[in-house]
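**Q** My structure file data06.tsv, TSV, C-alpha atoms, is below:
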chain	number	residue	atom	x	y	z
I	1	MET	CA	91.39	-9.96	110.39
I	2	ALA	CA	93.59	-11.76	107.85
I	3	ASP	CA	93.54	-15.54	107.67
I	4	PHE	CA	96.45	-17.38	109.24
I	5	GLU	CA	98.68	-19.49	107.01
I	6	PRO	CA	97.63	-23.07	107.91
I	7	GLY	CA	101.02	-24.50	106.98
I	8	SER	CA	102.58	-22.59	109.87
I	9	LEU	CA	100.22	-24.29	112.31
I	10	LEU	CA	101.70	-27.73	111.65
I	11	ASP	CA	105.14	-26.50	112.65
I	12	LEU	CA	104.09	-24.37	115.62
I	13	LEU	CA	101.48	-26.52	117.38
I	14	PRO	CA	104.03	-29.02	118.77
I	15	ILE	CA	105.94	-26.14	120.38
I	16	TYR	CA	102.75	-24.54	121.70
I	17	TYR	CA	101.41	-27.74	123.28
I	18	ARG	CA	104.78	-28.86	124.64
I	19	ARG	CA	105.96	-25.57	126.11
I	20	ILE	CA	103.20	-22.93	126.31
I	21	PHE	CA	99.69	-24.38	126.78
I	22	PRO	CA	98.81	-23.93	130.50
I	23	PHE	CA	98.01	-27.57	131.24
I	24	GLY	CA	98.35	-27.13	135.01
I	25	PRO	CA	95.53	-24.61	135.52
I	26	TYR	CA	93.55	-26.24	132.70
I	27	GLY	CA	93.45	-29.65	134.39
I	28	ARG	CA	92.69	-28.06	137.74
I	29	TRP	CA	89.63	-26.37	136.20
I	30	LEU	CA	88.09	-29.47	134.63
I	31	ARG	CA	88.62	-31.64	137.71
I	32	TYR	CA	86.55	-29.27	139.89
I	33	GLY	CA	88.31	-30.61	142.97
I	34	ASP	CA	87.21	-34.17	142.06
I	35	VAL	CA	83.64	-33.43	143.12
I	36	GLN	CA	82.51	-36.92	142.08
I	37	LYS	CA	84.19	-40.26	141.57
I	38	ASN	CA	85.75	-40.49	138.09
I	39	TYR	CA	84.47	-37.00	137.27
I	40	PHE	CA	87.36	-36.03	135.00
I	41	GLN	CA	87.43	-39.51	133.43
I	42	ARG	CA	83.82	-39.14	132.29
I	43	ARG	CA	84.39	-35.82	130.51
I	44	GLU	CA	84.26	-35.81	126.71
I	45	PHE	CA	87.00	-34.16	124.67
I	46	SER	CA	86.88	-33.80	120.93
I	47	PHE	CA	89.81	-33.14	118.61
I	48	THR	CA	89.94	-31.76	115.09
I	49	LEU	CA	93.15	-32.81	113.38
I	50	HIS	CA	94.89	-31.71	110.20
I	51	ASP	CA	92.71	-32.06	107.06
I	52	ASP	CA	89.54	-31.74	109.22
I	53	ILE	CA	89.77	-35.22	110.70
I	54	TYR	CA	87.27	-35.13	113.57
I	55	ILE	CA	87.56	-37.35	116.65
I	56	ARG	CA	84.75	-37.39	119.24
I	57	TYR	CA	84.18	-39.16	122.55
I	58	GLN	CA	87.75	-39.02	123.78
I	59	SER	CA	88.30	-39.33	127.53
I	60	PHE	CA	91.30	-39.59	129.84
I	61	SER	CA	92.10	-40.95	133.28
I	62	THR	CA	94.01	-37.86	134.40
I	63	PRO	CA	94.82	-34.35	133.16
I	64	GLN	CA	98.39	-35.60	132.64
I	65	GLU	CA	97.13	-38.29	130.25
I	66	LEU	CA	95.14	-35.64	128.36
I	67	GLU	CA	98.28	-33.48	128.16
I	68	LYS	CA	100.33	-36.34	126.70
I	69	GLU	CA	97.69	-37.13	124.09
I	70	ILE	CA	97.35	-33.50	123.00
I	71	GLN	CA	101.14	-33.20	122.71
I	72	LYS	CA	101.20	-36.42	120.69
I	73	ILE	CA	98.48	-35.63	118.12
I	74	CYS	CA	98.68	-31.79	118.12
I	75	PRO	CA	95.00	-31.10	117.36
I	76	HIS	CA	94.12	-28.00	115.35
I	77	LYS	CA	91.06	-27.58	117.59
I	78	ILE	CA	90.03	-28.86	121.01
I	79	ASP	CA	86.36	-29.02	122.02
I	80	ILE	CA	85.02	-29.76	125.48
I	81	GLY	CA	81.81	-31.74	125.95
I	82	ALA	CA	79.70	-33.06	128.79
I	83	VAL	CA	80.43	-35.31	131.74
I	84	TYR	CA	78.73	-38.61	130.87
I	85	SER	CA	77.38	-41.56	132.81
I	86	HIS	CA	80.28	-43.66	131.51
I	87	ARG	CA	83.69	-42.89	130.09
I	88	PRO	CA	83.00	-41.43	126.61
I	89	ILE	CA	85.73	-43.54	125.01
I	90	GLN	CA	83.64	-46.60	125.99
I	91	HIS	CA	80.40	-45.29	124.50
I	92	ASN	CA	80.20	-48.07	121.90
I	93	THR	CA	80.46	-50.79	124.55
I	94	VAL	CA	77.68	-49.48	126.81
I	95	HIS	CA	74.11	-50.78	126.47
I	96	MET	CA	71.90	-48.58	124.32
I	97	GLY	CA	70.25	-45.86	126.39
I	98	ALA	CA	72.63	-46.28	129.33
I	99	PHE	CA	75.20	-43.82	127.95
I	100	HIS	CA	73.96	-40.28	128.46
I	101	ALA	CA	75.21	-36.79	129.31
I	102	GLN	CA	74.80	-36.04	133.02
I	103	GLU	CA	76.13	-32.53	133.43
I	104	LYS	CA	78.12	-29.73	131.84
I	105	GLU	CA	78.81	-26.05	132.29
I	106	LEU	CA	76.04	-23.77	131.05
I	107	VAL	CA	77.63	-22.17	128.00
I	108	PHE	CA	76.83	-19.20	125.80
I	109	ASP	CA	78.14	-18.58	122.30
I	110	ILE	CA	77.90	-15.08	120.79
I	111	ASP	CA	79.03	-14.80	117.18
I	112	MET	CA	79.50	-11.52	115.31
I	113	THR	CA	78.00	-12.97	112.10
I	114	ASP	CA	74.59	-12.92	113.82
I	115	TYR	CA	74.80	-9.11	113.83
I	116	ASP	CA	75.36	-8.69	110.10
I	117	ASP	CA	72.02	-6.95	109.61
I	118	VAL	CA	72.98	-4.19	112.08
I	119	ARG	CA	76.64	-3.54	111.25
I	120	GLN	CA	77.95	-1.76	108.18
I	121	CYS	CA	81.69	-1.80	108.87
I	122	CYS	CA	82.14	-5.56	108.40
I	123	SER	CA	80.27	-8.71	107.46
I	124	SER	CA	80.57	-12.48	107.75
I	125	THR	CA	83.77	-13.49	109.58
I	126	GLU	CA	85.31	-10.02	109.56
I	127	ILE	CA	85.50	-7.86	112.68
I	128	CYS	CA	86.98	-4.47	113.55
I	129	SER	CA	87.19	-2.19	116.57
I	130	LYS	CA	83.97	-0.47	115.53
I	131	CYS	CA	81.74	-3.54	115.69
I	132	TRP	CA	83.61	-5.22	118.56
I	133	ILE	CA	81.64	-2.86	120.82
I	134	LEU	CA	78.73	-5.27	120.27
I	135	MET	CA	80.66	-8.01	122.08
I	136	THR	CA	81.42	-5.64	124.95
I	137	ILE	CA	77.72	-4.80	125.26
I	138	ALA	CA	76.76	-8.48	125.08
I	139	ILE	CA	79.18	-9.48	127.84
I	140	ARG	CA	78.03	-6.68	130.13
I	141	ILE	CA	74.33	-7.45	129.66
I	142	ILE	CA	74.59	-11.23	129.99
I	143	ASP	CA	77.11	-11.18	132.84
I	144	ARG	CA	75.06	-8.73	134.91
I	145	ALA	CA	71.97	-10.90	134.46
I	146	LEU	CA	73.84	-14.08	135.39
I	147	VAL	CA	75.08	-12.53	138.62
I	148	GLU	CA	72.14	-10.37	139.70
I	149	ASP	CA	69.14	-12.19	138.22
I	150	PHE	CA	70.33	-15.81	138.44
I	151	GLY	CA	72.58	-15.62	141.49
I	152	ILE	CA	75.50	-17.18	139.59
I	153	LYS	CA	79.07	-16.66	140.80
I	154	HIS	CA	81.55	-18.38	138.51
I	155	ARG	CA	81.62	-17.19	134.89
I	156	LEU	CA	84.56	-17.58	132.55
I	157	TRP	CA	84.34	-15.33	129.49
I	158	VAL	CA	86.61	-16.34	126.62
I	159	TYR	CA	87.47	-14.78	123.26
I	160	SER	CA	86.87	-17.33	120.50
I	161	GLY	CA	90.02	-16.42	118.60
I	162	ARG	CA	88.22	-14.89	115.64
I	163	ARG	CA	84.81	-13.21	115.72
I	164	GLY	CA	83.00	-13.90	118.97
I	165	VAL	CA	82.97	-14.77	122.65
I	166	HIS	CA	82.01	-17.75	124.79
I	167	CYS	CA	80.87	-17.90	128.40
I	168	TRP	CA	81.33	-20.91	130.69
I	169	VAL	CA	79.07	-20.87	133.77
I	170	CYS	CA	80.77	-23.20	136.24
I	171	ASP	CA	78.71	-23.10	139.47
I	172	ASP	CA	78.23	-26.63	140.89
I	173	SER	CA	74.45	-26.51	140.83
I	174	VAL	CA	74.24	-24.95	137.35
I	175	ARG	CA	76.40	-27.69	135.83
I	176	LYS	CA	73.63	-30.11	136.81
I	177	TRP	CA	70.84	-28.13	135.13
I	178	SER	CA	68.52	-30.05	132.82
I	179	THR	CA	67.93	-29.16	129.17
I	180	THR	CA	64.63	-27.59	130.26
I	181	LEU	CA	66.33	-25.25	132.73
I	182	ARG	CA	69.04	-24.33	130.24
I	183	SER	CA	66.42	-23.57	127.60
I	184	ALA	CA	64.50	-21.41	130.07
I	185	ALA	CA	67.66	-19.49	130.97
I	186	VAL	CA	68.65	-18.73	127.38
I	187	GLU	CA	65.05	-17.80	126.55
I	188	TYR	CA	65.06	-15.35	129.45
I	189	LEU	CA	68.24	-13.79	128.04
I	190	SER	CA	66.95	-13.59	124.44
I	191	LEU	CA	65.05	-10.68	122.98
I	192	VAL	CA	65.93	-10.34	119.29
I	193	LYS	CA	63.63	-12.78	117.48
I	194	GLY	CA	63.17	-13.68	113.81
I	195	GLY	CA	65.33	-14.46	110.80
I	196	GLU	CA	66.50	-12.47	107.79
I	197	GLN	CA	62.97	-11.88	106.53
I	198	THR	CA	61.79	-10.41	109.85
I	199	ILE	CA	62.01	-6.61	109.81
I	200	LYS	CA	61.01	-5.80	113.38
I	201	LYS	CA	62.88	-8.20	115.64
I	202	VAL	CA	62.26	-6.58	119.04
I	203	ILE	CA	58.73	-6.01	120.31
I	204	LEU	CA	58.39	-4.73	123.88
I	205	SER	CA	55.31	-5.30	125.99
I	206	ASP	CA	54.07	-3.37	129.00
I	207	PRO	CA	55.26	-3.28	131.67
I	208	ILE	CA	58.92	-3.36	130.62
I	209	HIS	CA	60.66	-6.27	132.36
I	210	PRO	CA	63.41	-5.25	134.85
I	211	PHE	CA	65.96	-7.31	132.87
I	212	ILE	CA	65.20	-5.24	129.76
I	213	ARG	CA	65.42	-1.98	131.69
I	214	GLU	CA	68.82	-2.98	133.05
I	215	SER	CA	69.92	-3.97	129.55
I	216	LEU	CA	68.82	-0.60	128.18
I	217	ASN	CA	71.02	1.12	130.77
I	218	VAL	CA	74.02	-0.67	129.24
I	219	VAL	CA	72.96	-0.08	125.63
I	220	GLU	CA	72.46	3.65	126.28
I	221	GLU	CA	76.13	3.95	127.26
I	222	TYR	CA	77.30	2.71	123.86
I	223	PHE	CA	74.47	3.48	121.45
I	224	GLU	CA	75.67	6.84	120.17
I	225	GLU	CA	79.27	5.71	119.79
I	226	TYR	CA	78.36	2.43	118.10
I	227	ALA	CA	75.16	3.00	116.13
I	228	LEU	CA	75.16	6.72	115.36
I	229	VAL	CA	78.87	7.43	114.94
I	230	SER	CA	80.76	4.29	113.92
I	231	GLN	CA	77.91	2.59	112.02
I	232	ASP	CA	76.16	5.84	110.98
I	233	ILE	CA	72.79	4.04	110.87
I	234	LEU	CA	70.93	7.24	109.89
I	235	GLY	CA	73.63	8.63	107.61
I	236	SER	CA	72.08	7.83	104.23
I	237	LYS	CA	68.56	7.24	102.91
I	238	GLU	CA	69.30	3.57	102.34
I	239	SER	CA	70.37	3.06	105.96
I	240	TYR	CA	67.79	5.26	107.65
I	241	ASP	CA	64.94	3.64	105.71
I	242	LYS	CA	65.80	0.41	107.58
I	243	VAL	CA	65.46	2.24	110.88
I	244	LEU	CA	62.25	4.01	109.89
I	245	ALA	CA	60.72	0.62	109.06
I	246	LEU	CA	60.82	-0.02	112.83
I	247	VAL	CA	59.00	3.24	113.67
I	248	PRO	CA	55.21	3.40	114.18
I	249	GLU	CA	53.36	4.24	110.96
I	250	PRO	CA	51.92	7.62	112.06
I	251	VAL	CA	55.35	9.28	112.46
I	252	ARG	CA	57.29	7.44	109.74
I	253	GLU	CA	56.20	9.71	106.89
I	254	THR	CA	56.96	12.85	108.90
I	255	LEU	CA	60.45	11.64	109.71
I	256	GLN	CA	61.16	10.73	106.08
I	257	LYS	CA	60.39	14.30	105.07
I	258	GLU	CA	62.36	15.94	107.89
I	259	PHE	CA	65.44	13.70	107.94
I	260	CYS	CA	66.84	15.37	104.82
I	261	LYS	CA	67.01	18.65	106.75
I	262	LYS	CA	69.37	17.17	109.34
I	263	ARG	CA	73.10	16.82	108.79
I	264	ASN	CA	74.03	13.53	110.48
I	265	SER	CA	72.86	10.46	112.38
I	266	VAL	CA	73.06	12.13	115.80
I	267	GLN	CA	70.74	14.97	114.76
I	268	ARG	CA	68.33	12.58	113.03
I	269	TRP	CA	68.22	10.35	116.09
I	270	GLU	CA	67.27	13.33	118.29
I	271	LEU	CA	64.46	14.15	115.85
I	272	LEU	CA	63.28	10.53	115.85
I	273	LYS	CA	63.23	10.44	119.65
I	274	ASN	CA	61.23	13.67	119.88
I	275	LYS	CA	58.64	12.57	117.33
I	276	THR	CA	58.16	9.02	118.63
I	277	GLU	CA	57.99	10.10	122.29
I	278	LYS	CA	54.98	12.27	121.46
I	279	SER	CA	53.11	9.38	119.83
I	280	SER	CA	54.24	6.26	121.72
I	281	GLY	CA	56.52	7.26	124.57
I	282	ASN	CA	60.01	5.72	124.74
I	283	LYS	CA	59.07	2.28	123.48
I	284	ALA	CA	59.81	2.86	119.78
I	285	GLN	CA	63.32	4.21	120.38
I	286	TRP	CA	64.05	1.46	122.91
I	287	GLU	CA	63.03	-1.21	120.42
I	288	ILE	CA	65.40	0.25	117.83
I	289	MET	CA	68.27	0.47	120.30
I	290	LEU	CA	67.78	-3.11	121.40
I	291	GLN	CA	67.45	-4.44	117.86
I	292	TYR	CA	70.78	-2.86	116.96
I	293	CYS	CA	72.71	-3.63	120.16
I	294	PHE	CA	71.14	-6.42	122.25
I	295	PRO	CA	73.06	-9.74	122.58
I	296	ARG	CA	72.26	-12.45	120.04
I	297	LEU	CA	72.77	-15.88	121.55
I	298	ASP	CA	73.05	-19.23	119.81
I	299	ILE	CA	70.22	-20.97	121.67
I	300	ASN	CA	71.16	-24.50	120.60
I	301	VAL	CA	74.66	-24.21	122.06
I	302	SER	CA	73.25	-23.25	125.46
I	303	LYS	CA	70.35	-25.66	125.84
I	304	GLY	CA	72.07	-28.92	124.87
I	305	ILE	CA	73.98	-30.66	127.67
I	306	ASN	CA	75.95	-32.74	125.16
I	307	HIS	CA	76.83	-29.77	122.93
I	308	LEU	CA	80.54	-29.24	122.33
I	309	LEU	CA	82.25	-25.87	122.69
I	310	LYS	CA	85.78	-24.84	121.77
I	311	SER	CA	88.20	-25.07	124.64
I	312	PRO	CA	89.88	-22.05	126.19
I	313	PHE	CA	93.52	-21.71	125.04
I	314	SER	CA	92.78	-23.42	121.72
I	315	VAL	CA	94.44	-21.93	118.65
I	316	HIS	CA	92.06	-20.63	116.00
I	317	PRO	CA	93.25	-22.30	112.78
I	318	LYS	CA	92.16	-19.37	110.58
I	319	THR	CA	93.72	-16.53	112.55
I	320	GLY	CA	96.36	-18.25	114.67
I	321	ARG	CA	95.00	-16.35	117.69
I	322	ILE	CA	94.68	-18.02	121.06
I	323	SER	CA	91.24	-18.39	122.62
I	324	VAL	CA	92.00	-16.41	125.78
I	325	PRO	CA	90.01	-15.57	128.92
I	326	ILE	CA	88.69	-12.00	129.07
I	327	ASP	CA	89.32	-9.88	132.16
I	328	LEU	CA	85.93	-8.40	133.05
I	329	GLN	CA	87.64	-5.76	135.17
I	330	LYS	CA	89.21	-4.40	131.96
I	331	LEU	CA	86.42	-5.30	129.55
I	332	ASN	CA	86.30	-1.97	127.71
I	333	ASP	CA	90.03	-2.26	127.05
I	334	PHE	CA	89.93	-5.76	125.56
I	335	ASP	CA	91.29	-5.72	122.02
I	336	PRO	CA	90.89	-8.91	119.95
I	337	PHE	CA	93.66	-7.73	117.63
I	338	ALA	CA	96.09	-7.56	120.57
I	339	VAL	CA	95.48	-11.19	121.53
I	340	PRO	CA	98.68	-13.17	120.92
I	341	THR	CA	99.00	-15.51	117.97
I	342	ILE	CA	100.73	-18.88	118.12
I	343	SER	CA	103.54	-17.59	115.89
I	344	GLN	CA	104.05	-14.58	118.19
I	345	LEU	CA	104.24	-16.81	121.28
I	346	CYS	CA	106.70	-19.19	119.67
I	347	HIS	CA	108.84	-16.25	118.56
I	348	GLU	CA	108.83	-14.90	122.12
I	349	LEU	CA	109.99	-18.28	123.41
I	350	ASP	CA	112.66	-18.52	120.75
I	351	LYS	CA	113.95	-15.13	121.82
I	352	THR	CA	114.37	-16.11	125.47
I	353	GLY	CA	114.56	-19.89	125.16
I	354	ASN	CA	118.34	-20.28	125.37
I	355	ASP	CA	118.65	-18.69	128.81
I	356	GLN	CA	118.18	-21.86	130.85
I	357	ARG	CA	120.34	-24.05	128.57
I	358	ASP	CA	123.14	-21.50	128.78
I	359	GLU	CA	123.09	-21.90	132.54
I	360	GLY	CA	123.83	-25.61	132.07
I	361	GLN	CA	120.78	-27.00	133.90
I	362	ASN	CA	120.17	-30.71	133.50
I	363	GLU	CA	117.44	-31.93	131.16
I	364	GLY	CA	115.02	-32.94	133.92
I	365	LEU	CA	115.08	-29.56	135.60
I	366	LEU	CA	114.82	-27.83	132.24
I	367	GLU	CA	111.76	-29.87	131.29
I	368	ASN	CA	110.13	-29.11	134.64
I	369	HIS	CA	110.87	-25.43	134.16
I	370	ARG	CA	109.31	-25.49	130.71
I	371	ARG	CA	106.16	-27.18	131.93
I	372	ASN	CA	105.55	-24.70	134.71
I	373	ARG	CA	107.10	-21.50	133.48
I	374	ASP	CA	107.31	-21.10	129.72
I	375	TYR	CA	103.93	-19.44	129.18
I	376	LYS	CA	104.93	-16.97	131.89
I	377	ARG	CA	107.70	-15.73	129.63
I	378	THR	CA	105.28	-14.91	126.82
I	379	SER	CA	102.44	-12.46	126.19
I	380	LEU	CA	100.00	-15.26	127.11
I	381	ALA	CA	100.91	-14.78	130.79
I	382	PRO	CA	98.36	-12.03	131.63
I	383	TYR	CA	95.53	-14.13	130.18
I	384	VAL	CA	96.58	-17.19	132.21
I	385	LYS	CA	96.56	-14.96	135.30
I	386	VAL	CA	92.92	-14.07	134.56
I	387	PHE	CA	92.19	-17.80	134.32
I	388	GLU	CA	94.01	-18.57	137.57
I	389	ARG	CA	92.14	-15.80	139.37
I	390	PHE	CA	88.90	-17.38	138.19
I	391	LEU	CA	90.05	-20.77	139.57
I	392	GLU	CA	91.06	-19.23	142.90
I	393	GLU	CA	87.61	-17.69	143.27
I	394	MET	CA	86.03	-21.09	142.65
I	395	ASP	CA	88.34	-22.74	145.19
I	396	ARG	CA	87.54	-20.09	147.77
I	397	SER	CA	83.81	-20.48	147.18
I	398	GLN	CA	84.08	-24.26	147.55
I	399	LYS	CA	85.85	-23.92	150.90
I	400	GLU	CA	83.28	-21.43	152.18
I	401	LYS	CA	80.36	-23.53	151.05
I	402	SER	CA	78.43	-24.99	153.97
I	403	PRO	CA	77.13	-28.57	153.75
I	404	LYS	CA	73.59	-27.21	153.84
I	405	ALA	CA	74.06	-24.66	151.07
I	406	SER	CA	71.17	-25.00	148.68
I	407	ASP	CA	71.38	-25.13	144.92
I	408	VAL	CA	70.75	-22.05	142.82
I	409	GLN	CA	66.97	-21.75	142.48
I	410	MET	CA	65.46	-19.96	139.52
I	411	ASP	CA	61.93	-18.78	138.86
I	412	PHE	CA	61.67	-18.08	135.15
Once you've parsed the file, please lay out its structure as structure tokens.
**A**
Amino acid sequence: MADFEPGSLLDLLPIYYRRIFPFGPYGRWLRYGDVQKNYFQRREFSFTLHDDIYIRYQSFSTPQELEKEIQKICPHKIDIGAVYSHRPIQHNTVHMGAFHAQEKELVFDIDMTDYDDVRQCCSSTEICSKCWILMTIAIRIIDRALVEDFGIKHRLWVYSGRRGVHCWVCDDSVRKWSTTLRSAAVEYLSLVKGGEQTIKKVILSDPIHPFIRESLNVVEEYFEEYALVSQDILGSKESYDKVLALVPEPVRETLQKEFCKKRNSVQRWELLKNKTEKSSGNKAQWEIMLQYCFPRLDINVSKGINHLLKSPFSVHPKTGRISVPIDLQKLNDFDPFAVPTISQLCHELDKTGNDQRDEGQNEGLLENHRRNRDYKRTSLAPYVKVFERFLEEMDRSQKEKSPKASDVQMDF
């Protein structure tokens, strides 16, 4: 994915924030129906400006005030933080120890760079359709667990704009989780352990946990396509030696001798399965599959209540792509390269932007039309619809919620 020309951003951001950014649904989300007094006012926003000027602890009385400030300063990046005990902008005036983060969405950050040891098509910040399958697998595994294992309802999955995905868990009770609970949740969802020097990063114990069995069901759907075909992990001696290092010692030497007789990764994988099943059952092949395909979460992002995360609908300054919500109903079809860029959106507006002026509408009506409608006339519209559907589900859940409804209870 080629880098975006940063000079273009300076010219296009004012148009994007003034006419395209979906401030209406965005403000509705972060207010959460005004669940507490001054809830929105106590939310931290952070802005990264041109030349990497970084401004933290910004807060606003209303979503409209936030909108005006964003349109005024045109940040290159918007981050969302916690809801604090006091307005974040007043953090220097509050007595030491009194200012603290009270709640925030449980968030997950999955970055493709953390998979560099198991992908051969790309590395570092690069992605392609071959390795993007890893993000699809990660979303399916984590989302299923959030719903079925944790009892969570409201999850917003968002493309980062470059090489990864974020998840915002927005259930009322989960937003109040302590650091301890958040740490326990992300630990439950983590399996690949160890740094660059660790060869075997997945070690399964008996009995296999139901979460791992469910995860394997997902991995099995994609393993051949991703690992054996697109990454060709057993295609050469250099690559299959890395896999054989994960195999129990007794069968490793046999496989090294017999691999050369097989033509491709698919045939070698069948041989590996047959040999390891005889000596150790399915565990060895499962450990390999999980090491190559299981989600790799940034634990620190999830466990810290005061941790910042890039806002949905931000523009990625390196690619120009918008950080858009992902439709889980069409997850397999999501293409990061089809996500609109800021230049594309502005071009689309430019193409249709004279229609209303030609009709001679007055300036007030035109401005109101722009605020409510302009993104609907661009390729951002389907992604905003996904976002609005998410908000409608939260609203519906809030209305159905009985006064005695208990918080989500977890037993880790």
**Q** Restricting the calculation to only C-alpha atoms, which member of I:Leu290, I:Leu349, I:Leu309, I:Val202 is positioned closest to Arg18 (chain I)?
**A**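 Going through I:Leu290, I:Leu349, I:Leu309, I:Val202 one by one, the smallest distance to Arg18 (chain I) is for I:Leu349.
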**Q** Nearest to Val219 (chain I) among I:Glu238, I:Asp171, I:Asp52, I:Glu287, with distances taken over all atoms listed in the file: which residue is it?
**A** I:Glu287
**Q** One number please: CA of Cys170 (chain I) to CA of His154 (chain I), in Å, one decimal.
**A** 5.4 Å
**Q** Which one of I:Gly194, I:Arg155, I:Gln291, I:Glu221 sits closest to Arg389 (chain I) if you count only C-alpha atoms?
**A**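 Once distances to Arg389 (chain I) are computed over only C-alpha atoms, the minimum belongs to I:Arg155.
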**Q** Given all atoms listed in the file as the basis, pick out the residue of I:Asp11, I:Glu220, I:Glu44, I:Glu388 nearest to Pro325 (chain I).
**A**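 Nearest candidate to Pro325 (chain I) out of I:Asp11, I:Glu220, I:Glu44, I:Glu388: I:Glu388.
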